[in-house]
>>> print(open('entry.pdb').read())   # PDB, C-alpha atoms and all ligand atoms
ATOM      1  CA  MET A   1      46.351   7.709  32.360
ATOM      2  CA  SER A   2      49.566   9.680  32.917
ATOM      3  CA  VAL A   3      49.961  12.271  30.162
ATOM      4  CA  PRO A   4      53.481  13.461  29.239
ATOM      5  CA  HIS A   5      54.020  17.207  29.758
ATOM      6  CA  HIS A   6      56.408  17.451  26.823
ATOM      7  CA  VAL A   7      56.226  15.317  23.675
ATOM      8  CA  ALA A   8      58.886  15.705  20.974
ATOM      9  CA  ILE A   9      58.558  14.168  17.530
ATOM     10  CA  ILE A  10      61.124  13.435  14.829
ATOM     11  CA  MET A  11      58.845  13.548  11.777
ATOM     12  CA  ASP A  12      60.511  11.117   9.412
ATOM     13  CA  GLY A  13      59.340   9.293   6.297
ATOM     14  CA  ASN A  14      57.807  11.976   4.064
ATOM     15  CA  GLY A  15      60.145  11.083   1.195
ATOM     16  CA  ARG A  16      59.407   7.352   1.460
ATOM     17  CA  TRP A  17      55.677   8.009   1.715
ATOM     18  CA  ALA A  18      55.787   9.969  -1.554
ATOM     19  CA  GLY A  19      58.191   7.508  -3.198
ATOM     20  CA  LEU A  20      55.808   4.614  -2.533
ATOM     21  CA  ARG A  21      53.249   6.490  -4.642
ATOM     22  CA  GLY A  22      55.687   7.559  -7.347
ATOM     23  CA  TRP A  23      55.324  11.197  -6.255
ATOM     24  CA  SER A  24      57.912  13.942  -5.634
ATOM     25  CA  ARG A  25      59.459  14.276  -2.165
ATOM     26  CA  ILE A  26      57.903  17.720  -1.757
ATOM     27  CA  LYS A  27      54.455  16.172  -2.149
ATOM     28  CA  GLY A  28      55.384  13.960   0.805
ATOM     29  CA  HIS A  29      56.317  17.057   2.818
ATOM     30  CA  LYS A  30      52.968  18.667   1.906
ATOM     31  CA  GLU A  31      51.116  15.657   3.245
ATOM     32  CA  GLY A  32      53.456  15.825   6.234
ATOM     33  CA  VAL A  33      52.110  19.266   7.062
ATOM     34  CA  ARG A  34      48.571  17.857   7.074
ATOM     35  CA  ALA A  35      49.784  15.370   9.672
ATOM     36  CA  VAL A  36      51.236  18.299  11.664
ATOM     37  CA  GLU A  37      47.796  19.934  11.691
ATOM     38  CA  ASP A  38      46.145  16.722  12.919
ATOM     39  CA  ILE A  39      48.761  16.162  15.595
ATOM     40  CA  LEU A  40      48.393  19.729  16.884
ATOM     41  CA  ASP A  41      44.685  19.066  17.474
ATOM     42  CA  ALA A  42      45.205  15.596  18.929
ATOM     43  CA  ALA A  43      48.020  16.721  21.250
ATOM     44  CA  ALA A  44      46.046  19.699  22.572
ATOM     45  CA  GLU A  45      43.007  17.471  23.131
ATOM     46  CA  ALA A  46      45.152  14.932  25.009
ATOM     47  CA  GLY A  47      46.290  17.649  27.426
ATOM     48  CA  ILE A  48      49.929  17.779  26.345
ATOM     49  CA  GLN A  49      51.486  21.087  27.435
ATOM     50  CA  HIS A  50      54.506  21.207  25.125
ATOM     51  CA  LEU A  51      54.771  19.678  21.659
ATOM     52  CA  SER A  52      58.126  19.939  19.839
ATOM     53  CA  LEU A  53      58.285  19.009  16.160
ATOM     54  CA  TYR A  54      61.532  18.642  14.207
ATOM     55  CA  ALA A  55      60.882  20.246  10.822
ATOM     56  CA  PHE A  56      64.361  21.188   9.575
ATOM     57  CA  SER A  57      67.766  20.449  11.065
ATOM     58  CA  THR A  58      71.054  22.304  10.712
ATOM     59  CA  GLU A  59      72.138  19.285   8.625
ATOM     60  CA  ASN A  60      69.123  19.408   6.272
ATOM     61  CA  TRP A  61      70.804  22.180   4.223
ATOM     62  CA  LYS A  62      72.752  19.330   2.601
ATOM     63  CA  ARG A  63      69.587  18.177   0.782
ATOM     64  CA  PRO A  64      69.082  19.038  -2.909
ATOM     65  CA  SER A  65      68.468  22.792  -3.241
ATOM     66  CA  LEU A  66      65.079  22.241  -4.867
ATOM     67  CA  GLU A  67      63.909  20.256  -1.840
ATOM     68  CA  VAL A  68      65.294  22.872   0.573
ATOM     69  CA  SER A  69      63.600  25.757  -1.245
ATOM     70  CA  GLY A  70      60.369  23.731  -1.467
ATOM     71  CA  LEU A  71      60.466  23.092   2.286
ATOM     72  CA  MET A  72      61.118  26.786   3.023
ATOM     73  CA  ALA A  73      58.193  27.794   0.792
ATOM     74  CA  LEU A  74      55.929  25.255   2.534
ATOM     75  CA  LEU A  75      57.022  26.574   5.903
ATOM     76  CA  ARG A  76      56.210  30.154   4.947
ATOM     77  CA  MET A  77      52.820  29.210   3.604
ATOM     78  CA  TYR A  78      51.876  27.232   6.696
ATOM     79  CA  LEU A  79      53.334  29.609   9.260
ATOM     80  CA  ARG A  80      50.720  32.036   7.922
ATOM     81  CA  MET A  81      47.941  29.486   7.629
ATOM     82  CA  PHE A  82      48.463  28.158  11.174
ATOM     83  CA  LEU A  83      47.438  31.408  12.863
ATOM     84  CA  PRO A  84      43.612  30.961  12.839
ATOM     85  CA  LYS A  85      43.973  27.417  14.238
ATOM     86  CA  LEU A  86      46.402  28.538  16.945
ATOM     87  CA  ARG A  87      44.024  31.392  17.857
ATOM     88  CA  ARG A  88      41.018  29.070  18.061
ATOM     89  CA  LYS A  89      42.857  26.591  20.250
ATOM     90  CA  GLY A  90      44.864  29.098  22.323
ATOM     91  CA  ILE A  91      48.130  27.442  21.210
ATOM     92  CA  ARG A  92      51.344  29.457  21.593
ATOM     93  CA  PHE A  93      53.962  29.143  18.854
ATOM     94  CA  HIS A  94      57.676  29.029  19.697
ATOM     95  CA  HIS A  95      60.633  28.564  17.380
ATOM     96  CA  LEU A  96      63.547  26.297  18.323
ATOM     97  CA  GLY A  97      66.725  26.871  16.370
ATOM     98  CA  SER A  98      68.844  29.568  14.835
ATOM     99  CA  LEU A  99      67.096  32.303  12.857
ATOM    100  CA  GLU A 100      70.477  33.165  11.403
ATOM    101  CA  GLY A 101      70.895  31.436   8.063
ATOM    102  CA  LEU A 102      67.158  31.146   7.378
ATOM    103  CA  PRO A 103      65.690  33.107   4.454
ATOM    104  CA  GLU A 104      64.537  36.543   5.641
ATOM    105  CA  GLY A 105      60.905  35.817   4.803
ATOM    106  CA  VAL A 106      60.945  32.691   6.979
ATOM    107  CA  GLN A 107      62.549  34.675   9.818
ATOM    108  CA  ARG A 108      59.823  37.321   9.540
ATOM    109  CA  ASP A 109      57.005  34.769   9.505
ATOM    110  CA  ILE A 110      58.452  32.915  12.500
ATOM    111  CA  ARG A 111      58.730  36.149  14.501
ATOM    112  CA  ALA A 112      55.244  37.256  13.459
ATOM    113  CA  LEU A 113      53.663  33.964  14.550
ATOM    114  CA  GLU A 114      55.540  34.037  17.862
ATOM    115  CA  GLU A 115      54.395  37.591  18.493
ATOM    116  CA  SER A 116      50.788  37.078  17.521
ATOM    117  CA  THR A 117      50.416  34.008  19.753
ATOM    118  CA  ALA A 118      52.537  35.266  22.680
ATOM    119  CA  ASP A 119      49.530  35.770  24.962
ATOM    120  CA  HIS A 120      48.040  32.325  24.303
ATOM    121  CA  THR A 121      47.854  30.193  27.407
ATOM    122  CA  GLY A 122      47.204  26.706  26.006
ATOM    123  CA  MET A 123      49.677  24.168  24.646
ATOM    124  CA  VAL A 124      53.039  25.449  23.407
ATOM    125  CA  PHE A 125      53.908  24.344  19.866
ATOM    126  CA  HIS A 126      57.693  24.398  19.472
ATOM    127  CA  LEU A 127      58.747  24.092  15.837
ATOM    128  CA  ALA A 128      62.406  23.218  15.297
ATOM    129  CA  VAL A 129      63.637  24.912  12.124
ATOM    130  CA  ASN A 130      67.375  25.216  11.453
ATOM    131  CA  TYR A 131      67.796  23.359  14.744
ATOM    132  CA  GLY A 132      70.769  21.325  15.919
ATOM    133  CA  SER A 133      71.300  20.227  19.491
ATOM    134  CA  ARG A 134      75.075  20.490  19.404
ATOM    135  CA  LEU A 135      74.836  24.039  18.099
ATOM    136  CA  GLU A 136      72.289  24.851  20.824
ATOM    137  CA  ILE A 137      74.520  23.500  23.613
ATOM    138  CA  THR A 138      77.631  25.163  22.156
ATOM    139  CA  GLN A 139      75.814  28.518  22.033
ATOM    140  CA  ALA A 140      74.617  28.068  25.615
ATOM    141  CA  ALA A 141      78.212  27.464  26.743
ATOM    142  CA  ARG A 142      79.332  30.562  24.843
ATOM    143  CA  ARG A 143      76.574  32.607  26.476
ATOM    144  CA  CYS A 144      77.697  31.483  29.933
ATOM    145  CA  VAL A 145      81.163  32.834  29.161
ATOM    146  CA  GLU A 146      79.758  36.058  27.690
ATOM    147  CA  ALA A 147      77.712  36.550  30.877
ATOM    148  CA  GLY A 148      80.975  36.388  32.842
ATOM    149  CA  LEU A 149      80.068  33.226  34.768
ATOM    150  CA  GLN A 150      82.853  31.683  36.857
ATOM    151  CA  PRO A 151      83.593  27.946  36.351
ATOM    152  CA  ASP A 152      81.652  26.958  39.490
ATOM    153  CA  GLU A 153      78.679  29.000  38.284
ATOM    154  CA  ILE A 154      78.427  26.962  35.067
ATOM    155  CA  THR A 155      75.808  24.565  36.386
ATOM    156  CA  GLU A 156      73.223  22.416  34.623
ATOM    157  CA  GLU A 157      70.653  25.101  35.460
ATOM    158  CA  ALA A 158      72.856  27.855  33.994
ATOM    159  CA  ILE A 159      73.205  25.929  30.743
ATOM    160  CA  ALA A 160      69.510  24.934  30.563
ATOM    161  CA  ALA A 161      68.539  28.588  31.021
ATOM    162  CA  ARG A 162      70.524  29.475  27.890
ATOM    163  CA  LEU A 163      69.132  26.776  25.593
ATOM    164  CA  TRP A 164      66.407  27.637  23.062
ATOM    165  CA  THR A 165      64.078  25.603  25.285
ATOM    166  CA  ALA A 166      64.737  27.752  28.396
ATOM    167  CA  GLY A 167      61.754  27.536  30.723
ATOM    168  CA  THR A 168      60.359  24.431  28.994
ATOM    169  CA  PRO A 169      60.176  21.138  30.926
ATOM    170  CA  ASP A 170      62.398  18.257  29.784
ATOM    171  CA  VAL A 171      61.063  15.928  27.094
ATOM    172  CA  ASP A 172      59.021  13.068  28.594
ATOM    173  CA  LEU A 173      58.250  11.202  25.395
ATOM    174  CA  LEU A 174      60.311  11.229  22.198
ATOM    175  CA  ILE A 175      58.552   9.785  19.165
ATOM    176  CA  ARG A 176      60.259   8.946  15.890
ATOM    177  CA  THR A 177      58.274   7.840  12.869
ATOM    178  CA  SER A 178      59.324   5.560   9.997
ATOM    179  CA  GLY A 179      61.371   3.148  12.048
ATOM    180  CA  GLU A 180      64.891   4.644  12.163
ATOM    181  CA  LEU A 181      66.645   4.171  15.513
ATOM    182  CA  ARG A 182      68.432   7.533  15.676
ATOM    183  CA  ILE A 183      68.133  10.769  17.657
ATOM    184  CA  SER A 184      69.550  12.909  14.807
ATOM    185  CA  ASN A 185      70.865  15.799  16.923
ATOM    186  CA  PHE A 186      67.392  16.584  18.337
ATOM    187  CA  LEU A 187      66.984  17.830  21.918
ATOM    188  CA  LEU A 188      69.956  15.821  23.199
ATOM    189  CA  TRP A 189      70.063  17.708  26.498
ATOM    190  CA  GLN A 190      66.318  17.919  27.017
ATOM    191  CA  ALA A 191      65.649  14.237  26.200
ATOM    192  CA  ALA A 192      68.198  12.875  28.689
ATOM    193  CA  TYR A 193      65.499  10.855  30.475
ATOM    194  CA  ALA A 194      62.841  10.739  27.764
ATOM    195  CA  GLU A 195      60.970   7.549  26.962
ATOM    196  CA  PHE A 196      61.486   6.559  23.320
ATOM    197  CA  TYR A 197      58.668   5.455  21.064
ATOM    198  CA  ILE A 198      59.653   4.347  17.567
ATOM    199  CA  THR A 199      56.987   3.441  15.055
ATOM    200  CA  GLU A 200      57.242   2.101  11.497
ATOM    201  CA  CYS A 201      54.397   4.448  10.521
ATOM    202  CA  LEU A 202      55.579   7.057   7.982
ATOM    203  CA  TRP A 203      55.041  10.656   9.141
ATOM    204  CA  PRO A 204      52.192  11.570   6.728
ATOM    205  CA  ASP A 205      50.233   8.594   8.134
ATOM    206  CA  PHE A 206      50.894   9.525  11.774
ATOM    207  CA  ARG A 207      47.603  11.046  12.917
ATOM    208  CA  GLY A 208      45.460  11.282  16.064
ATOM    209  CA  PRO A 209      44.952   7.512  16.549
ATOM    210  CA  GLN A 210      48.701   6.866  16.194
ATOM    211  CA  LEU A 211      49.513   9.614  18.712
ATOM    212  CA  ARG A 212      47.005   8.155  21.168
ATOM    213  CA  GLU A 213      48.672   4.740  20.774
ATOM    214  CA  ALA A 214      52.040   6.302  21.618
ATOM    215  CA  LEU A 215      50.522   8.012  24.665
ATOM    216  CA  GLU A 216      49.078   4.709  25.859
ATOM    217  CA  ALA A 217      52.480   3.044  25.491
ATOM    218  CA  TYR A 218      54.020   5.913  27.506
ATOM    219  CA  ALA A 219      51.416   5.551  30.265
ATOM    220  CA  ASN A 220      52.513   1.926  30.701
ATOM    221  CA  ARG A 221      56.198   2.737  31.079
ATOM    222  CA  GLU A 222      57.850   2.879  34.467
ATOM    223  CA  ARG A 223      60.163   5.881  34.648
ATOM    224  CA  ARG A 224      63.131   5.660  37.002
ATOM    225  CA  PHE A 225      65.319   8.668  36.116
ATOM    226  CA  GLY A 226      68.436   6.654  36.888
ATOM    227  CA  GLY A 227      67.087   5.276  40.202
ATOM    228  CA  ILE A 228      65.904   1.722  40.832
TER     229      ILE A 228
HETATM  230  C1  LIG A 301      61.743  13.811   7.108
HETATM  231  O1  LIG A 301      61.292  13.050   6.046
HETATM  232  C2  LIG A 301      61.041  15.063   7.111
HETATM  233  C3  LIG A 301      61.626  16.284   6.992
HETATM  234  C4  LIG A 301      63.065  16.498   6.862
HETATM  235  C5  LIG A 301      60.814  17.500   6.966
HETATM  236  C6  LIG A 301      59.652  17.483   7.882
HETATM  237  C7  LIG A 301      58.877  18.655   7.554
HETATM  238  C8  LIG A 301      57.542  18.721   7.501
HETATM  239  C9  LIG A 301      56.614  17.645   7.889
HETATM  240  C10 LIG A 301      56.950  19.998   7.099
HETATM  241  C11 LIG A 301      57.011  20.920   8.259
HETATM  242  C12 LIG A 301      56.349  22.148   7.940
HETATM  243  C13 LIG A 301      55.561  22.798   8.787
HETATM  244  C14 LIG A 301      54.916  24.021   8.322
HETATM  245  C15 LIG A 301      55.308  22.334  10.153
HETATM  246  P1  LIG A 301      62.345  12.607   4.959
HETATM  247  O2  LIG A 301      62.255  13.578   3.837
HETATM  248  O3  LIG A 301      63.684  12.472   5.589
HETATM  249  O4  LIG A 301      61.750  11.226   4.558
HETATM  250  P2  LIG A 301      62.566   9.940   4.114
HETATM  251  O5  LIG A 301      63.460   9.581   5.268
HETATM  252  O6  LIG A 301      61.483   8.942   3.875
HETATM  253  O7  LIG A 301      63.311  10.324   2.889
END
>>> encode(input="entry.pdb", output="structure tokens")
Amino acid sequence: MSVPHHVAIIMDGNGRWAGLRGWSRIKGHKEGVRAVEDILDAAAEAGIQHLSLYAFSTENWKRPSLEVSGLMALLRMYLRMFLPKLRRKGIRFHHLGSLEGLPEGVQRDIRALEESTADHTGMVFHLAVNYGSRLEITQAARRCVEAGLQPDEITEEAIAARLWTAGTPDVDLLIRTSGELRISNFLLWQAAYAEFYITECLWPDFRGPQLREALEAYANRERRFGGI
């Protein structure tokens, strides 16, 4: 079975999952983190090399402040709790997004987890926090100018090398849970030729078996990259 090198997931549906049970949205996010833990194991076991999860977008600041602060607190708690698992499995942690604008504690925890897993050689776990693709591409363009590149030196490679994903292969499979048919400003450049897999399953219910189903669907796709 052909295994995608890079799987990206838009983790949607935590709020609906909690709402269906009459619970608070933050309880849905908490269960969502349990799904993250399961998916980390299942993805590493499947032989995926890069797993990118969309946890918080540059647009998510518009959510009620209680939800935003709850999400930031959850992030801090789990960034610390993830370390033993990442050590055991040899998973390297990498942040996608802008540190600027994040609470200082979150910035510190992100840097600490990146540093303490830097020598791990297994799967790379990219967590998108304060991430927006348009911002990422705009910054890359700005960096090309700052580096003094001439117009003919501004190539696809030059831009890719200045994205937060520099050095990471393009997305092969993009999964979105809870049925919405949107890309929501996630990895627009990197997912140019990605296969899409949309499932009605709400994120807290997306676990190992659901990931394996998505991988099977991917293995049956014929990828053409614009050819015939
Ligand atoms: C979308 O569901 C989910 C989010 C905006 C947050 C996802 C975050 C997590 C799963 C926690 C990540 C934390 C760590 C430590 C990895 P929604 O709230 O938009 O759901 P809805 O569309 O049903 O309202």
>>> resolve_selection(input="entry.pdb", expression="the PyMOL selection byres (((not hetatm)) within 7 of (chain A and resi 301))", output="ChimeraX atom specification")
/A:11-17,25,29-30,32-33,36,54-56,60,71,74-75,78-79,127
>>> write_last_selection(input="entry.pdb", atoms="C-alpha atoms", output="mmCIF file, keeping the file's coordinate frame")
data_model
loop_
_atom_site.group_PDB
_atom_site.id
_atom_site.type_symbol
_atom_site.label_atom_id
_atom_site.label_comp_id
_atom_site.auth_asym_id
_atom_site.auth_seq_id
_atom_site.Cartn_x
_atom_site.Cartn_y
_atom_site.Cartn_z
ATOM 1 C CA MET A 11 58.845 13.548 11.777
ATOM 2 C CA ASP A 12 60.511 11.117 9.412
ATOM 3 C CA GLY A 13 59.340 9.293 6.297
ATOM 4 C CA ASN A 14 57.807 11.976 4.064
ATOM 5 C CA GLY A 15 60.145 11.083 1.195
ATOM 6 C CA ARG A 16 59.407 7.352 1.460
ATOM 7 C CA TRP A 17 55.677 8.009 1.715
ATOM 8 C CA ARG A 25 59.459 14.276 -2.165
ATOM 9 C CA HIS A 29 56.317 17.057 2.818
ATOM 10 C CA LYS A 30 52.968 18.667 1.906
ATOM 11 C CA GLY A 32 53.456 15.825 6.234
ATOM 12 C CA VAL A 33 52.110 19.266 7.062
ATOM 13 C CA VAL A 36 51.236 18.299 11.664
ATOM 14 C CA TYR A 54 61.532 18.642 14.207
ATOM 15 C CA ALA A 55 60.882 20.246 10.822
ATOM 16 C CA PHE A 56 64.361 21.188 9.575
ATOM 17 C CA ASN A 60 69.123 19.408 6.272
ATOM 18 C CA LEU A 71 60.466 23.092 2.286
ATOM 19 C CA LEU A 74 55.929 25.255 2.534
ATOM 20 C CA LEU A 75 57.022 26.574 5.903
ATOM 21 C CA TYR A 78 51.876 27.232 6.696
ATOM 22 C CA LEU A 79 53.334 29.609 9.260
ATOM 23 C CA LEU A 127 58.747 24.092 15.837
#
>>> resolve_selection(input="entry.pdb", expression="the PyMOL selection byres (((chain A and resi 6) around 8) and not hetatm)", output="list in words")
Pro4, His5, Val7, Ala8, Ile48, Gln49, His50, Leu51, Ser52, Pro169, Asp170, Val171, Asp172 and Leu173 of chain A
>>> residues_near_point(input="entry.pdb", point="(74.1, 25.3, 19.6)", cutoff="10 Å", atoms="all atoms listed in the file", output="ChimeraX atom specification")
/A:58,97-98,131-142,162-164
>>> atom_distance(input="entry.pdb", atom1="CA of Pro84 (chain A)", atom2="CA of Val129 (chain A)")
20.9 Å
>>> closest_residue(input="entry.pdb", among="A:Met123, A:Tyr193, A:Ile228, A:Thr168", to="Ala42 (chain A)", atoms="all atoms listed in the file")
A:Met123
>>> residues_around(input="entry.pdb", residues="Ile110 (chain A)", least_positions_apart="5", cutoff="9 Å", atoms="all atoms listed in the file", output="list in words")
Arg76, Leu79, Phe93, His94, His95, Leu99, Gly105 and Glu115 of chain A
>>> write_last_selection(input="entry.pdb", atoms="C-alpha atoms", output="mmCIF file, in the frame of the given file")
data_model
loop_
_atom_site.group_PDB
_atom_site.id
_atom_site.type_symbol
_atom_site.label_atom_id
_atom_site.label_comp_id
_atom_site.auth_asym_id
_atom_site.auth_seq_id
_atom_site.Cartn_x
_atom_site.Cartn_y
_atom_site.Cartn_z
ATOM 1 C CA ARG A 76 56.210 30.154 4.947
ATOM 2 C CA LEU A 79 53.334 29.609 9.260
ATOM 3 C CA PHE A 93 53.962 29.143 18.854
ATOM 4 C CA HIS A 94 57.676 29.029 19.697
ATOM 5 C CA HIS A 95 60.633 28.564 17.380
ATOM 6 C CA LEU A 99 67.096 32.303 12.857
ATOM 7 C CA GLY A 105 60.905 35.817 4.803
ATOM 8 C CA GLU A 115 54.395 37.591 18.493
#
>>> residues_around(input="entry.pdb", residues="Pro204 (chain A)", least_positions_apart="2", cutoff="6 Å", atoms="all atoms listed in the file", output="MDAnalysis selection string")
chainID A and resid 31:32 35 202 206
>>> axis_aligned_box(input="entry.pdb", around="region 110-117 of chain A", padding_each_side="3 Å", output="lines of an AutoDock Vina configuration file")
center_x = 54.6
center_y = 35.3
center_z = 16.1
size_x = 14.3
size_y = 10.7
size_z = 13.3
>>> resolve_selection(input="entry.pdb", expression="the PyMOL selection byres (((chain A and resi 86) around 10) and not hetatm)", output="PyMOL selection string")
chain A and resi 40-41+81-85+87-93+113+116-117+120+122-125
>>> closest_residue(input="entry.pdb", among="A:Val3, A:Ala118, A:Ile9, A:Met77", to="Ala44 (chain A)", atoms="all atoms listed in the file")
A:Val3
>>> atom_distance(input="entry.pdb", atom1="CA of Ser57 (chain A)", atom2="CA of Thr165 (chain A)")
15.6 Å
>>> atom_distance(input="entry.pdb", atom1="CA of Phe196 (chain A)", atom2="CA of Arg176 (chain A)")
7.9 Å
>>> closest_residue(input="entry.pdb", among="A:Trp189, A:Glu180, A:Pro151, A:Ala219", to="Cys201 (chain A)", atoms="only C-alpha atoms")
A:Glu180
>>> closest_residue(input="entry.pdb", among="A:Glu100, A:Asp38, A:Glu45, A:Glu213", to="Asn130 (chain A)", atoms="all atoms listed in the file")
A:Glu100
>>> closest_residue(input="entry.pdb", among="A:Ile154, A:Met72, A:Ile198, A:Ile175", to="Gln107 (chain A)", atoms="all atoms listed in the file")
A:Met72
>>> closest_residue(input="entry.pdb", among="A:Val68, A:Leu215, A:Leu181, A:Ala112", to="Ser2 (chain A)", atoms="all atoms listed in the file")
A:Leu215
>>> build_atoms(input="entry.pdb", residues="region 150-158 of chain A", atoms="all heavy atoms", output="tab-separated table (two decimals), in the coordinates of the input")
chain	number	residue	atom	x	y	z
A	150	GLN	N	81.64	32.36	36.39
A	150	GLN	CA	82.85	31.68	36.86
A	150	GLN	C	82.65	30.18	36.68
A	150	GLN	O	81.50	29.72	36.63
A	150	GLN	CB	83.10	32.00	38.34
A	150	GLN	CG	83.40	33.47	38.62
A	150	GLN	CD	84.59	33.97	37.81
A	150	GLN	OE1	85.67	33.40	37.86
A	150	GLN	NE2	84.37	35.02	37.01
A	151	PRO	N	83.75	29.39	36.59
A	151	PRO	CA	83.59	27.95	36.35
A	151	PRO	C	82.57	27.29	37.28
A	151	PRO	O	81.75	26.49	36.85
A	151	PRO	CB	85.00	27.39	36.57
A	151	PRO	CG	85.89	28.52	36.18
A	151	PRO	CD	85.17	29.78	36.59
A	152	ASP	N	82.59	27.63	38.57
A	152	ASP	CA	81.65	26.96	39.49
A	152	ASP	C	80.22	27.46	39.34
A	152	ASP	O	79.29	26.89	39.92
A	152	ASP	CB	82.12	27.08	40.95
A	152	ASP	CG	82.15	28.52	41.42
A	152	ASP	OD1	82.18	29.42	40.56
A	152	ASP	OD2	82.13	28.75	42.65
A	153	GLU	N	80.05	28.51	38.54
A	153	GLU	CA	78.68	29.00	38.28
A	153	GLU	C	78.09	28.36	37.02
A	153	GLU	O	76.92	28.55	36.71
A	153	GLU	CB	78.69	30.53	38.11
A	153	GLU	CG	79.03	31.27	39.39
A	153	GLU	CD	79.24	32.76	39.14
A	153	GLU	OE1	79.79	33.14	38.08
A	153	GLU	OE2	78.87	33.54	40.03
A	154	ILE	N	78.93	27.63	36.28
A	154	ILE	CA	78.43	26.96	35.07
A	154	ILE	C	77.81	25.63	35.49
A	154	ILE	O	78.44	24.58	35.50
A	154	ILE	CB	79.54	26.80	34.01
A	154	ILE	CG1	80.10	28.19	33.66
A	154	ILE	CG2	79.00	26.13	32.74
A	154	ILE	CD1	81.14	28.23	32.60
A	155	THR	N	76.55	25.73	35.87
A	155	THR	CA	75.81	24.56	36.39
A	155	THR	C	74.85	24.06	35.30
A	155	THR	O	74.67	24.71	34.28
A	155	THR	CB	74.97	24.99	37.60
A	155	THR	OG1	74.10	26.06	37.16
A	155	THR	CG2	75.84	25.49	38.74
A	156	GLU	N	74.22	22.93	35.58
A	156	GLU	CA	73.22	22.42	34.62
A	156	GLU	C	72.11	23.45	34.44
A	156	GLU	O	71.62	23.66	33.33
A	156	GLU	CB	72.64	21.09	35.13
A	156	GLU	CG	73.67	19.98	35.10
A	156	GLU	CD	73.08	18.60	35.40
A	156	GLU	OE1	71.84	18.46	35.45
A	156	GLU	OE2	73.88	17.67	35.59
A	157	GLU	N	71.73	24.10	35.54
A	157	GLU	CA	70.65	25.10	35.46
A	157	GLU	C	71.08	26.29	34.60
A	157	GLU	O	70.30	26.81	33.81
A	157	GLU	CB	70.26	25.63	36.86
A	157	GLU	CG	69.56	24.61	37.75
A	157	GLU	CD	70.48	23.51	38.27
A	157	GLU	OE1	71.71	23.72	38.37
A	157	GLU	OE2	69.96	22.42	38.58
A	158	ALA	N	72.36	26.70	34.76
A	158	ALA	CA	72.86	27.86	33.99
A	158	ALA	C	72.85	27.54	32.50
A	158	ALA	O	72.52	28.40	31.67
A	158	ALA	CB	74.27	28.22	34.46
